[in-house]
$ cat run35.csv   # CSV, C-alpha atoms and all ligand atoms
chain,number,residue,atom,x,y,z
V,155,MET,CA,-21.9,8.2,12.0
V,156,LYS,CA,-20.5,11.1,10.1
V,157,GLN,CA,-21.7,12.3,6.7
V,158,THR,CA,-18.9,11.4,4.3
V,159,GLU,CA,-18.8,14.0,1.5
V,160,LEU,CA,-17.8,12.9,-2.0
V,161,LEU,CA,-15.8,15.5,-3.9
V,162,LYS,CA,-15.3,14.5,-7.6
V,163,VAL,CA,-12.3,16.3,-9.2
V,164,ASP,CA,-10.5,16.2,-12.5
V,165,PRO,CA,-7.2,14.2,-11.9
V,166,GLN,CA,-5.2,16.4,-14.3
V,167,GLU,CA,-6.7,19.8,-13.4
V,168,PRO,CA,-8.3,19.5,-10.0
V,169,GLU,CA,-10.9,22.2,-9.3
V,170,ILE,CA,-9.5,24.6,-6.8
V,171,GLU,CA,-12.8,25.2,-4.9
V,172,LYS,CA,-13.1,21.5,-4.1
V,173,ILE,CA,-9.5,21.2,-3.1
V,174,SER,CA,-9.9,24.3,-0.8
V,175,GLN,CA,-13.0,22.7,0.7
V,176,ALA,CA,-11.0,19.5,1.5
V,177,ALA,CA,-8.0,21.6,2.7
V,178,ASN,CA,-10.3,23.5,5.1
V,179,LEU,CA,-11.4,20.2,6.6
V,180,ILE,CA,-7.7,19.1,7.0
V,181,LYS,CA,-6.9,22.4,8.7
V,182,ALA,CA,-9.8,21.9,11.1
V,183,GLY,CA,-8.4,18.6,12.2
V,184,ARG,CA,-10.8,16.4,10.1
V,185,LEU,CA,-10.2,13.4,7.9
V,186,VAL,CA,-10.1,13.5,4.1
V,187,ALA,CA,-9.3,10.5,1.8
V,188,PHE,CA,-7.5,11.5,-1.4
V,189,PRO,CA,-5.8,9.8,-4.4
V,190,THR,CA,-2.1,9.4,-4.8
V,191,GLU,CA,-0.4,7.6,-7.7
V,192,THR,CA,-0.1,4.4,-5.6
V,193,VAL,CA,-3.3,4.0,-3.6
V,194,TYR,CA,-5.9,6.3,-1.9
V,195,GLY,CA,-4.6,7.7,1.4
V,196,LEU,CA,-6.6,8.8,4.5
V,197,GLY,CA,-5.2,12.3,5.3
V,198,ALA,CA,-5.0,14.3,8.5
V,199,ASP,CA,-2.8,17.2,9.7
V,200,ALA,CA,0.4,15.5,10.7
V,201,LEU,CA,1.1,18.1,13.3
V,202,ASN,CA,-2.3,17.9,15.0
V,203,PRO,CA,-2.2,15.0,17.6
V,204,LYS,CA,-6.0,15.0,18.1
V,205,ALA,CA,-6.6,14.6,14.3
V,206,ILE,CA,-4.0,11.8,14.2
V,207,LEU,CA,-5.8,9.9,17.0
V,208,GLU,CA,-9.0,10.2,15.1
V,209,LEU,CA,-7.2,8.9,12.0
V,210,PHE,CA,-6.1,5.7,13.8
V,211,SER,CA,-9.6,5.2,15.2
V,212,ALA,CA,-11.4,5.7,11.9
V,213,LYS,CA,-9.2,2.9,10.3
V,214,ASN,CA,-9.2,0.8,13.5
V,215,ARG,CA,-5.4,0.9,13.1
V,216,PRO,CA,-3.2,-0.3,16.0
V,217,LEU,CA,-1.6,2.8,17.6
V,218,ASP,CA,1.9,1.3,17.2
V,219,ASN,CA,1.9,1.5,13.4
V,220,PRO,CA,2.7,5.1,12.3
V,221,PRO,CA,1.4,6.6,9.0
V,222,ILE,CA,3.5,8.1,6.2
V,223,VAL,CA,3.8,11.9,6.3
V,224,HIS,CA,3.2,13.4,2.9
V,225,VAL,CA,4.9,16.7,1.8
V,226,GLU,CA,4.7,18.8,-1.4
V,227,ASN,CA,8.1,20.5,-1.3
V,228,PHE,CA,11.6,19.6,-0.4
V,229,GLU,CA,12.0,22.3,2.3
V,230,GLU,CA,9.6,20.5,4.6
V,231,VAL,CA,12.0,17.6,5.0
V,232,PRO,CA,14.7,19.4,7.2
V,233,ARG,CA,11.9,20.8,9.4
V,234,LEU,CA,10.6,17.3,10.1
V,235,THR,CA,13.9,15.5,10.4
V,236,GLN,CA,17.2,15.7,12.2
V,237,GLU,CA,19.4,15.1,9.2
V,238,VAL,CA,19.1,14.3,5.5
V,239,PRO,CA,21.9,11.8,4.7
V,240,SER,CA,23.6,12.2,1.3
V,241,ALA,CA,22.1,8.9,0.0
V,242,ALA,CA,18.6,10.3,0.9
V,243,LYS,CA,19.3,13.5,-1.1
V,244,LYS,CA,20.2,11.4,-4.2
V,245,LEU,CA,17.1,9.3,-3.9
V,246,MET,CA,14.9,12.3,-3.4
V,247,ASP,CA,16.4,14.0,-6.4
V,248,LYS,CA,15.7,10.9,-8.5
V,249,PHE,CA,12.4,9.6,-7.2
V,250,TRP,CA,10.4,12.5,-5.7
V,251,PRO,CA,7.7,13.3,-6.4
V,252,GLY,CA,7.0,9.5,-6.6
V,253,PRO,CA,6.3,6.2,-4.9
V,254,LEU,CA,9.3,6.2,-2.5
V,255,THR,CA,8.9,6.8,1.2
V,256,LEU,CA,12.1,7.5,3.2
V,257,VAL,CA,12.5,6.9,7.0
V,258,PHE,CA,14.6,9.6,8.7
V,259,LYS,CA,15.5,10.5,12.3
V,260,ARG,CA,12.6,12.8,13.3
V,261,SER,CA,12.8,16.3,14.6
V,262,SER,CA,11.1,17.5,17.8
V,263,ILE,CA,8.2,19.3,16.1
V,264,VAL,CA,6.6,16.0,15.1
V,265,PRO,CA,4.0,14.9,17.7
V,266,GLU,CA,4.6,11.5,19.3
V,267,VAL,CA,1.3,10.0,18.1
V,268,THR,CA,2.2,10.8,14.5
V,269,VAL,CA,5.2,8.5,14.7
V,270,ALA,CA,3.8,6.1,17.3
V,271,GLY,CA,6.5,7.1,19.7
V,272,LEU,CA,9.3,6.2,17.4
V,273,GLU,CA,12.5,8.3,16.9
V,274,THR,CA,12.0,8.1,13.2
V,275,ILE,CA,9.5,9.5,10.7
V,276,ALA,CA,8.4,8.1,7.2
V,277,ILE,CA,8.1,10.9,4.6
V,278,ARG,CA,7.1,10.9,0.9
V,279,MET,CA,6.3,13.4,-1.8
V,280,PRO,CA,3.5,11.9,-3.9
V,281,GLN,CA,3.3,12.3,-7.6
V,282,HIS,CA,-0.4,13.1,-8.1
V,283,LYS,CA,-1.7,16.5,-8.8
V,284,VAL,CA,-4.7,16.1,-6.5
V,285,ALA,CA,-2.5,15.0,-3.5
V,286,LEU,CA,0.0,17.8,-4.1
V,287,ALA,CA,-2.7,20.4,-4.4
V,288,LEU,CA,-4.3,19.2,-1.2
V,289,ILE,CA,-1.1,19.4,0.8
V,290,ARG,CA,-0.3,22.8,-0.6
V,291,GLU,CA,-3.7,24.3,0.2
V,292,SER,CA,-3.8,22.7,3.7
V,293,ARG,CA,-0.4,24.3,4.5
V,294,CYS,CA,0.7,21.4,6.6
V,295,PRO,CA,2.3,18.0,6.1
V,296,ILE,CA,-0.4,15.4,5.7
V,297,ALA,CA,-0.2,12.0,7.5
V,298,ALA,CA,-1.9,9.4,5.3
V,299,PRO,CA,-2.0,5.7,5.7
V,300,SER,CA,-3.8,3.8,3.0
V,301,ALA,CA,-7.6,4.6,3.2
V,302,ASN,CA,-8.8,1.1,4.1
V,303,MET,CA,-9.9,-0.5,7.3
V,304,ALA,CA,-6.8,-2.0,9.0
V,305,GLY,CA,-6.0,-5.4,7.5
V,306,ARG,CA,-8.0,-4.9,4.3
V,307,PRO,CA,-6.5,-4.5,0.8
V,308,SER,CA,-5.5,-0.9,0.1
V,309,PRO,CA,-8.0,1.1,-1.9
V,310,THR,CA,-7.2,1.9,-5.6
V,311,SER,CA,-10.5,3.8,-6.2
V,312,ALA,CA,-12.8,6.0,-4.3
V,313,GLU,CA,-15.4,3.2,-4.3
V,314,HIS,CA,-13.0,1.0,-2.3
V,315,VAL,CA,-12.6,3.8,0.2
V,316,LEU,CA,-16.4,4.2,0.6
V,317,GLU,CA,-16.7,0.4,1.0
V,318,ASP,CA,-14.5,0.5,4.1
V,319,LEU,CA,-14.9,4.0,5.5
V,320,ASN,CA,-18.2,5.5,4.5
V,321,GLY,CA,-19.6,7.3,7.6
V,322,ARG,CA,-16.3,7.2,9.4
V,323,ILE,CA,-14.5,10.0,7.7
V,324,ASP,CA,-15.4,13.6,6.6
V,325,ALA,CA,-14.7,13.5,2.9
V,326,ILE,CA,-13.3,11.7,-0.1
V,327,ILE,CA,-11.7,13.3,-3.1
V,328,ASP,CA,-12.5,11.1,-6.1
V,329,ALA,CA,-10.2,11.4,-9.0
V,330,GLY,CA,-10.7,8.0,-10.5
V,331,PRO,CA,-8.5,4.8,-10.1
V,332,THR,CA,-4.9,5.0,-9.1
V,333,ARG,CA,-2.1,4.4,-11.6
V,334,ILE,CA,0.4,2.2,-9.7
V,335,GLY,CA,-1.9,0.1,-7.5
V,336,VAL,CA,0.5,-1.0,-4.8
V,337,GLU,CA,1.8,1.3,-2.1
V,338,SER,CA,5.1,3.2,-2.1
V,339,THR,CA,8.4,1.5,-1.4
V,340,VAL,CA,9.5,2.2,2.2
V,341,LEU,CA,13.3,2.7,2.6
V,342,ASP,CA,15.0,3.4,5.9
V,343,VAL,CA,17.8,6.0,5.4
V,344,SER,CA,18.3,6.5,9.1
V,345,VAL,CA,20.7,3.6,9.0
V,346,ALA,CA,23.7,2.9,6.7
V,347,PRO,CA,23.4,1.2,4.3
V,348,PRO,CA,19.8,2.1,3.6
V,349,LEU,CA,17.4,-0.8,4.3
V,350,LEU,CA,14.3,-1.6,2.2
V,351,LEU,CA,11.4,-2.2,4.6
V,352,ARG,CA,8.5,-2.6,2.2
V,353,PRO,CA,8.8,-3.2,-1.5
V,354,GLY,CA,6.5,-0.9,-3.6
V,355,GLY,CA,6.2,1.4,-6.5
V,356,VAL,CA,9.9,2.0,-6.9
V,357,SER,CA,11.7,-1.3,-7.6
V,358,PHE,CA,14.7,-2.6,-5.7
V,359,GLU,CA,16.6,-2.6,-9.0
V,360,ALA,CA,15.9,1.1,-9.6
V,361,LEU,CA,17.0,2.0,-6.1
V,362,LYS,CA,20.3,0.2,-6.4
V,363,GLU,CA,21.1,2.1,-9.6
V,364,VAL,CA,21.2,5.3,-7.5
V,365,VAL,CA,22.5,3.9,-4.2
V,366,LYS,CA,24.1,0.6,-4.8
V,367,GLU,CA,24.5,-0.3,-1.1
V,368,VAL,CA,20.7,-0.6,-0.6
V,369,GLN,CA,19.8,-3.8,1.3
V,370,LEU,CA,16.6,-5.8,1.4
V,371,HIS,CA,15.2,-6.4,4.9
V,372,PRO,CA,14.9,-10.2,5.2
V,373,PHE,CA,11.1,-9.7,5.8
V,374,VAL,CA,10.6,-8.3,2.4
V,375,VAL,CA,11.4,-11.7,0.8
V,376,SER,CA,10.2,-13.7,3.8
V,377,GLU,CA,7.8,-16.6,3.2
V,378,LYS,CA,7.0,-16.8,6.8
V,379,GLU,CA,5.5,-14.6,9.5
V,380,ILE,CA,8.2,-12.6,11.3
V,381,SER,CA,8.5,-12.4,15.1
V,382,PRO,CA,7.5,-9.0,16.5
V,383,GLU,CA,11.1,-8.5,17.9
V,384,LYS,CA,12.5,-8.7,14.4
V,385,ALA,CA,9.9,-6.3,12.9
V,386,LYS,CA,12.0,-3.3,11.9
V,387,SER,CA,8.9,-1.5,10.5
V,388,PRO,CA,5.8,-1.6,12.6
V,389,GLY,CA,3.7,-2.6,9.6
V,390,MET,CA,5.6,-5.9,9.4
V,391,LYS,CA,3.9,-7.4,12.4
V,392,HIS,CA,0.3,-6.6,11.5
V,393,LYS,CA,-2.1,-8.6,9.4
V,394,HIS,CA,-2.4,-7.0,6.0
V,395,TYR,CA,-4.1,-6.8,2.6
V,396,ALA,CA,-6.4,-9.7,3.3
V,397,PRO,CA,-9.7,-10.3,1.5
V,398,LYS,CA,-12.4,-11.7,3.7
V,399,THR,CA,-12.1,-15.0,1.9
V,400,PRO,CA,-9.1,-17.2,2.9
V,401,LEU,CA,-6.3,-17.1,0.3
V,402,ILE,CA,-3.7,-19.8,-0.5
V,403,LEU,CA,-0.6,-18.8,-2.5
V,404,VAL,CA,1.0,-21.4,-4.7
V,405,GLU,CA,4.7,-20.7,-5.6
V,406,GLY,CA,7.3,-22.4,-7.7
V,407,ASP,CA,7.8,-23.5,-11.3
V,408,LEU,CA,4.9,-22.3,-13.4
V,409,SER,CA,3.9,-25.7,-14.8
V,410,LYS,CA,4.1,-27.2,-11.3
V,411,VAL,CA,2.1,-24.3,-9.9
V,412,MET,CA,-0.6,-24.9,-12.5
V,413,GLY,CA,-0.7,-28.6,-11.7
V,414,THR,CA,-1.0,-28.0,-8.0
V,415,ILE,CA,-3.7,-25.4,-8.4
V,416,LYS,CA,-5.7,-27.9,-10.6
V,417,GLU,CA,-5.4,-30.6,-8.0
V,418,LEU,CA,-6.4,-28.3,-5.2
V,419,THR,CA,-9.4,-27.1,-7.2
V,420,THR,CA,-10.6,-30.7,-7.7
V,421,ASP,CA,-10.1,-31.5,-4.0
V,422,TYR,CA,-12.2,-28.5,-3.0
V,423,TRP,CA,-14.8,-29.3,-5.6
V,424,LEU,CA,-15.1,-32.8,-4.3
V,425,ASN,CA,-15.7,-31.3,-0.8
V,426,ASN,CA,-18.4,-29.0,-2.2
V,427,LYS,CA,-16.3,-25.9,-1.8
V,428,LYS,CA,-16.3,-23.1,-4.3
V,429,VAL,CA,-12.9,-22.0,-5.5
V,430,GLY,CA,-11.7,-18.7,-7.0
V,431,VAL,CA,-8.4,-18.7,-8.8
V,432,LEU,CA,-6.2,-15.6,-9.2
V,433,ALA,CA,-4.4,-16.4,-12.4
V,434,THR,CA,-2.5,-14.7,-15.2
V,435,SER,CA,-3.5,-14.3,-18.9
V,436,GLU,CA,-1.1,-17.0,-19.9
V,437,THR,CA,-2.6,-19.6,-17.6
V,438,ALA,CA,-6.2,-18.7,-16.9
V,439,TRP,CA,-7.5,-21.1,-19.6
V,440,ALA,CA,-6.2,-24.1,-17.6
V,441,TYR,CA,-8.4,-23.7,-14.6
V,442,GLU,CA,-11.9,-25.1,-14.1
V,443,ALA,CA,-12.8,-23.2,-11.0
V,444,GLU,CA,-16.0,-21.4,-10.0
V,445,VAL,CA,-14.4,-18.0,-10.7
V,446,VAL,CA,-11.1,-17.3,-12.5
V,447,LYS,CA,-9.7,-13.8,-12.5
V,448,THR,CA,-6.6,-12.7,-14.3
V,449,LEU,CA,-4.0,-10.2,-13.1
V,450,GLY,CA,-2.8,-9.7,-16.6
V,451,SER,CA,0.3,-11.0,-18.4
V,452,ARG,CA,3.2,-12.5,-16.4
V,453,ARG,CA,5.4,-10.4,-18.6
V,454,ASN,CA,3.9,-7.1,-17.4
V,455,VAL,CA,4.3,-7.0,-13.6
V,456,ASP,CA,3.4,-3.3,-13.5
V,457,ALA,CA,0.0,-4.0,-14.9
V,458,MET,CA,-0.4,-6.9,-12.4
V,459,ALA,CA,0.4,-4.5,-9.6
V,460,THR,CA,-2.3,-2.0,-10.8
V,461,ARG,CA,-5.0,-4.7,-10.7
V,462,LEU,CA,-4.0,-6.7,-7.6
V,463,PHE,CA,-6.0,-5.0,-4.8
V,464,ARG,CA,-9.1,-4.5,-6.9
V,465,LEU,CA,-9.2,-8.2,-7.8
V,466,LEU,CA,-8.7,-9.2,-4.1
V,467,ARG,CA,-11.7,-7.0,-3.2
V,468,GLU,CA,-13.8,-8.4,-6.0
V,469,PHE,CA,-13.3,-11.9,-4.9
V,470,ASP,CA,-15.2,-11.0,-1.7
V,471,SER,CA,-18.4,-10.4,-3.6
V,472,GLU,CA,-18.1,-13.7,-5.5
V,473,ASN,CA,-19.1,-16.0,-2.7
V,474,VAL,CA,-16.2,-18.4,-3.1
V,475,ASP,CA,-15.0,-20.4,-0.1
V,476,VAL,CA,-11.3,-20.1,-0.9
V,477,ILE,CA,-9.1,-18.1,-3.3
V,478,ILE,CA,-6.0,-19.8,-4.8
V,479,ALA,CA,-3.4,-17.5,-6.2
V,480,GLU,CA,-0.5,-18.1,-8.5
V,481,GLY,CA,2.9,-16.8,-7.5
V,482,VAL,CA,4.3,-14.2,-9.9
V,483,PRO,CA,7.9,-13.3,-11.1
V,484,LEU,CA,9.9,-11.4,-8.4
V,485,ASP,CA,11.5,-8.8,-10.6
V,486,GLY,CA,10.5,-5.1,-10.7
V,487,LEU,CA,7.2,-4.5,-9.1
V,488,GLY,CA,6.7,-8.3,-8.9
V,489,LEU,CA,8.5,-8.2,-5.5
V,490,ALA,CA,5.8,-5.9,-4.2
V,491,VAL,CA,3.0,-8.0,-5.7
V,492,MET,CA,4.4,-11.2,-4.1
V,493,ASN,CA,5.0,-9.5,-0.7
V,494,ARG,CA,1.3,-8.4,-0.7
V,495,LEU,CA,0.1,-11.9,-1.8
V,496,ARG,CA,2.1,-13.6,0.9
V,497,LYS,CA,0.7,-11.3,3.5
V,498,ALA,CA,-2.8,-11.6,2.1
V,499,SER,CA,-2.5,-15.4,2.5
V,500,GLY,CA,-1.4,-15.0,6.1
V,501,TYR,CA,1.7,-17.0,4.9
V,502,ASN,CA,-0.5,-19.9,3.8
V,503,ILE,CA,1.9,-20.7,1.1
V,504,ILE,CA,2.3,-24.0,-0.9
V,505,LYS,CA,5.5,-24.8,-2.7
V,506,ALA,CA,4.6,-26.6,-5.9
V,507,VAL,CA,6.8,-29.6,-6.6
J,601,LIG,O1,1.8,4.5,-1.2
J,601,LIG,C1,1.7,4.7,0.0
J,601,LIG,O2,2.7,4.6,0.8
J,601,LIG,C2,0.3,5.0,0.6
J,601,LIG,C3,-0.1,6.3,0.1
J,601,LIG,C4,-1.4,6.8,0.7
J,601,LIG,O3,0.9,7.3,0.2
J,601,LIG,N1,0.4,5.0,2.1
J,601,LIG,C5,0.6,3.9,2.8
J,601,LIG,O4,0.6,4.1,4.2
J,601,LIG,O5,0.7,2.8,2.3
J,601,LIG,P1,0.4,2.9,5.3
J,601,LIG,O6,0.2,3.6,6.5
J,601,LIG,O7,-0.7,2.0,4.9
J,601,LIG,O8,1.8,2.2,5.3
J,601,LIG,C6,2.9,2.9,5.9
J,601,LIG,C7,4.0,1.9,6.2
J,601,LIG,C8,3.7,0.9,7.3
J,601,LIG,O9,4.2,-0.3,6.9
J,601,LIG,C9,4.4,1.5,8.5
J,601,LIG,O10,4.8,0.5,9.4
J,601,LIG,C10,5.7,2.1,7.8
J,601,LIG,O11,5.2,2.6,6.6
J,601,LIG,N2,6.2,3.2,8.6
J,601,LIG,C11,5.7,4.3,9.0
J,601,LIG,N3,6.5,5.0,9.8
J,601,LIG,C12,7.7,4.3,9.9
J,601,LIG,C13,8.9,4.4,10.6
J,601,LIG,N4,9.1,5.5,11.3
J,601,LIG,N5,9.8,3.4,10.5
J,601,LIG,C14,9.5,2.3,9.8
J,601,LIG,N6,8.4,2.1,9.1
J,601,LIG,C15,7.5,3.1,9.2
J,602,MG,MG,-1.8,0.3,4.6

$ encode --input "run35.csv" --output "structure tokens" --more "lines below"
Ligand code: TXA
Ligand code: MG
Amino acid sequence: MKQTELLKVDPQEPEIEKISQAANLIKAGRLVAFPTETVYGLGADALNPKAILELFSAKNRPLDNPPIVHVENFEEVPRLTQEVPSAAKKLMDKFWPGPLTLVFKRSSIVPEVTVAGLETIAIRMPQHKVALALIRESRCPIAAPSANMAGRPSPTSAEHVLEDLNGRIDAIIDAGPTRIGVESTVLDVSVAPPLLLRPGGVSFEALKEVVKEVQLHPFVVSEKEISPEKAKSPGMKHKHYAPKTPLILVEGDLSKVMGTIKELTTDYWLNNKKVGVLATSETAWAYEAEVVKTLGSRRNVDAMATRLFRLLREFDSENVDVIIAEGVPLDGLGLAVMNRLRKASGYNIIKAV
């Protein structure tokens, strides 16, 4: 067991001594969790293979699923990549710093382990003062997957990071809860047209306004598990975002969804099972389950995204036998929320009719 140091900082004006302390750990090949605008990341020096191996092991992450490399200035990109296509330049101008990760052909300075042996590298410039200050002070690109144990919901607060990784990492920089709540959008710009591999903080609609050719990978809207051969992004084939309690997702017309959830709740109740429902503020009143949590209004998908992972984690301490979740609208960040819910359910999806 390591001693995990907790460094509390001001999210707007991070104290430089604490950032330097964390940066010294990164430079020494150690592991530091830090906030971004999306979720907390677990950082290590992207160019230090030994540190990267420790990063995988701390999270129990499969070695074939590479982390995202975080940079704090545009000049780093040509150093880490072979080429920056014109579509990528436009997207970086518009969305960086921000919740957009771009997949490029990688350069030879990037260690094999950092990219899990792939010819490509995923890069993003986060929009959080603490993250940017940490990268700047560390003087290296920082590889950072989400700071959760592999398969668990991503952490949106330092408490979530501690829950999963206390004693397994060297430090956590705590700057309070994250703003967006779902991870960055992953877009492959090493192919033409660019291909959206993971929906996230930048919506598909917003990307298309800048590069209209952007395509959705079929997996992003998939309601089924994908075969490993078709997994374009390594993250597509691994179990993800799951609370410890089994989750069932009910999709379809809202009134039918509500009817189906009520029926299921009664069935479970008759079988002496405790049910938790993940509802929305418009519908929560209708359910008579053991625990009902609300993601917020169906008209505000951004706010739903912010709360999603926290509520999934909270259900684990509620002692319910099953969680039943309502599907949400697919526009804007709704696409990311539904993608996470489908994965969290292990594709245990009921179509309400
Ligand atoms: O918002 C975020 O993106 C957060 C914060 C910390 O920045 N990070 C994050 O990292 O979500 P992670 O490792 O949990 O997810 C990275 C995703 C995975 O699905 C991985 O398969 C994909 O990016 N990825 C990484 N490198 C790739 C590559 N070369 N080609 C395709 N997909 C890649
Ligand atoms: Mg992750």

$ atom_distance --input "run35.csv" --atom1 "CA of Thr434 in chain V" --atom2 "CA of Leu370 in chain V"
26.8 Å

$ closest_residue --input "run35.csv" --among "V:Ser262, V:Asn302, V:Asn178, V:Gln236" --to "ligand MG 602 (chain J)" --atoms "all atoms listed in the file"
V:Asn302

$ residues_near_ligand --input "run35.csv" --ligand "ligand MG 602 (chain J)" --cutoff "7 Å" --atoms "all atoms listed in the file" --output "list of chain:residue names"
V:Pro299, V:Ser300, V:Ser308

$ closest_residue --input "run35.csv" --among "V:Thr460, V:Asn473, V:Thr420, V:Ser499" --to "Val445 in chain V" --atoms "all atoms listed in the file"
V:Asn473

$ closest_atom_pairs --input "run35.csv" --of "chain V" --to "ligand LIG 601 (chain J)" --cutoff "7 Å" --atoms "only C-alpha atoms and all ligand atoms" --output "JSON lines"
{"residue": "V:Thr190", "atom": "CA", "partner": "J:LIG601", "partner_atom": "C4", "distance": 6.1}
{"residue": "V:Thr192", "atom": "CA", "partner": "J:LIG601", "partner_atom": "O1", "distance": 4.8}
{"residue": "V:Val193", "atom": "CA", "partner": "J:LIG601", "partner_atom": "C3", "distance": 5.4}
{"residue": "V:Tyr194", "atom": "CA", "partner": "J:LIG601", "partner_atom": "C4", "distance": 5.2}
{"residue": "V:Gly195", "atom": "CA", "partner": "J:LIG601", "partner_atom": "C4", "distance": 3.4}
{"residue": "V:Leu196", "atom": "CA", "partner": "J:LIG601", "partner_atom": "C4", "distance": 6.7}
{"residue": "V:Asn219", "atom": "CA", "partner": "J:LIG601", "partner_atom": "O10", "distance": 5.0}
{"residue": "V:Pro220", "atom": "CA", "partner": "J:LIG601", "partner_atom": "C11", "distance": 4.5}
{"residue": "V:Pro221", "atom": "CA", "partner": "J:LIG601", "partner_atom": "O6", "distance": 4.1}
{"residue": "V:Ile222", "atom": "CA", "partner": "J:LIG601", "partner_atom": "C11", "distance": 5.2}
{"residue": "V:Pro253", "atom": "CA", "partner": "J:LIG601", "partner_atom": "O1", "distance": 6.1}
{"residue": "V:Thr255", "atom": "CA", "partner": "J:LIG601", "partner_atom": "O2", "distance": 6.6}
{"residue": "V:Val257", "atom": "CA", "partner": "J:LIG601", "partner_atom": "N5", "distance": 5.6}
{"residue": "V:Val269", "atom": "CA", "partner": "J:LIG601", "partner_atom": "N4", "distance": 6.0}
{"residue": "V:Leu272", "atom": "CA", "partner": "J:LIG601", "partner_atom": "N4", "distance": 6.1}
{"residue": "V:Thr274", "atom": "CA", "partner": "J:LIG601", "partner_atom": "N4", "distance": 4.3}
{"residue": "V:Ile275", "atom": "CA", "partner": "J:LIG601", "partner_atom": "N4", "distance": 4.1}
{"residue": "V:Ala276", "atom": "CA", "partner": "J:LIG601", "partner_atom": "N3", "distance": 4.5}
{"residue": "V:Pro280", "atom": "CA", "partner": "J:LIG601", "partner_atom": "O3", "distance": 6.7}
{"residue": "V:Ala298", "atom": "CA", "partner": "J:LIG601", "partner_atom": "C4", "distance": 5.3}
{"residue": "V:Pro299", "atom": "CA", "partner": "J:LIG601", "partner_atom": "O6", "distance": 3.1}
{"residue": "V:Ser300", "atom": "CA", "partner": "J:LIG601", "partner_atom": "O7", "distance": 4.1}
{"residue": "V:Val336", "atom": "CA", "partner": "J:LIG601", "partner_atom": "O1", "distance": 6.7}
{"residue": "V:Glu337", "atom": "CA", "partner": "J:LIG601", "partner_atom": "O1", "distance": 3.3}
{"residue": "V:Ser338", "atom": "CA", "partner": "J:LIG601", "partner_atom": "O1", "distance": 3.7}
{"residue": "V:Thr339", "atom": "CA", "partner": "J:LIG601", "partner_atom": "O2", "distance": 6.9}
{"residue": "V:Val340", "atom": "CA", "partner": "J:LIG601", "partner_atom": "O11", "distance": 6.2}
{"residue": "V:Asp342", "atom": "CA", "partner": "J:LIG601", "partner_atom": "C14", "distance": 6.8}
{"residue": "V:Leu351", "atom": "CA", "partner": "J:LIG601", "partner_atom": "N6", "distance": 6.9}
{"residue": "V:Arg352", "atom": "CA", "partner": "J:LIG601", "partner_atom": "O9", "distance": 6.8}
{"residue": "V:Lys386", "atom": "CA", "partner": "J:LIG601", "partner_atom": "C14", "distance": 6.5}
{"residue": "V:Ser387", "atom": "CA", "partner": "J:LIG601", "partner_atom": "N6", "distance": 3.9}
{"residue": "V:Pro388", "atom": "CA", "partner": "J:LIG601", "partner_atom": "O10", "distance": 4.0}
{"residue": "V:Gly389", "atom": "CA", "partner": "J:LIG601", "partner_atom": "O10", "distance": 3.3}
{"residue": "V:Met390", "atom": "CA", "partner": "J:LIG601", "partner_atom": "O9", "distance": 6.3}

$ write_last_selection --input "run35.csv" --atoms "C-alpha atoms" --output "compact mmCIF listing (two decimals), in the coordinates of the input"
# COMPACT_ATOMS: atom_id res chain seq x y z
CA THR V 190 -2.10 9.40 -4.80
CA THR V 192 -0.10 4.40 -5.60
CA VAL V 193 -3.30 4.00 -3.60
CA TYR V 194 -5.90 6.30 -1.90
CA GLY V 195 -4.60 7.70 1.40
CA LEU V 196 -6.60 8.80 4.50
CA ASN V 219 1.90 1.50 13.40
CA PRO V 220 2.70 5.10 12.30
CA PRO V 221 1.40 6.60 9.00
CA ILE V 222 3.50 8.10 6.20
CA PRO V 253 6.30 6.20 -4.90
CA THR V 255 8.90 6.80 1.20
CA VAL V 257 12.50 6.90 7.00
CA VAL V 269 5.20 8.50 14.70
CA LEU V 272 9.30 6.20 17.40
CA THR V 274 12.00 8.10 13.20
CA ILE V 275 9.50 9.50 10.70
CA ALA V 276 8.40 8.10 7.20
CA PRO V 280 3.50 11.90 -3.90
CA ALA V 298 -1.90 9.40 5.30
CA PRO V 299 -2.00 5.70 5.70
CA SER V 300 -3.80 3.80 3.00
CA VAL V 336 0.50 -1.00 -4.80
CA GLU V 337 1.80 1.30 -2.10
CA SER V 338 5.10 3.20 -2.10
CA THR V 339 8.40 1.50 -1.40
CA VAL V 340 9.50 2.20 2.20
CA ASP V 342 15.00 3.40 5.90
CA LEU V 351 11.40 -2.20 4.60
CA ARG V 352 8.50 -2.60 2.20
CA LYS V 386 12.00 -3.30 11.90
CA SER V 387 8.90 -1.50 10.50
CA PRO V 388 5.80 -1.60 12.60
CA GLY V 389 3.70 -2.60 9.60
CA MET V 390 5.60 -5.90 9.40

$ residues_around --input "run35.csv" --residues "range 430-432 of chain V" --least-positions-apart "5" --cutoff "8 Å" --atoms "all atoms listed in the file" --output "number ranges by chain"
V: 441, 443-449, 469, 474-480

$ residues_near_point --input "run35.csv" --point "(1.4, 11.0, 15.1)" --cutoff "9 Å" --atoms "all atoms listed in the file" --output "list in words"
Ala200, Leu201, Asn202, Pro203, Lys204, Ala205, Ile206, Leu207, Pro220, Pro221, Val264, Pro265, Glu266, Val267, Thr268, Val269, Ala270, Gly271 and Ala297 of chain V

$ atom_distance --input "run35.csv" --atom1 "CA of Met246 in chain V" --atom2 "CA of Pro295 in chain V"
16.8 Å

$ closest_residue --input "run35.csv" --among "V:Pro347, V:Gln175, V:Met303, V:Tyr422" --to "His371 in chain V" --atoms "only C-alpha atoms"
V:Pro347

$ atom_distance --input "run35.csv" --atom1 "CA of Gln157 in chain V" --atom2 "CA of Ile296 in chain V"
21.5 Å
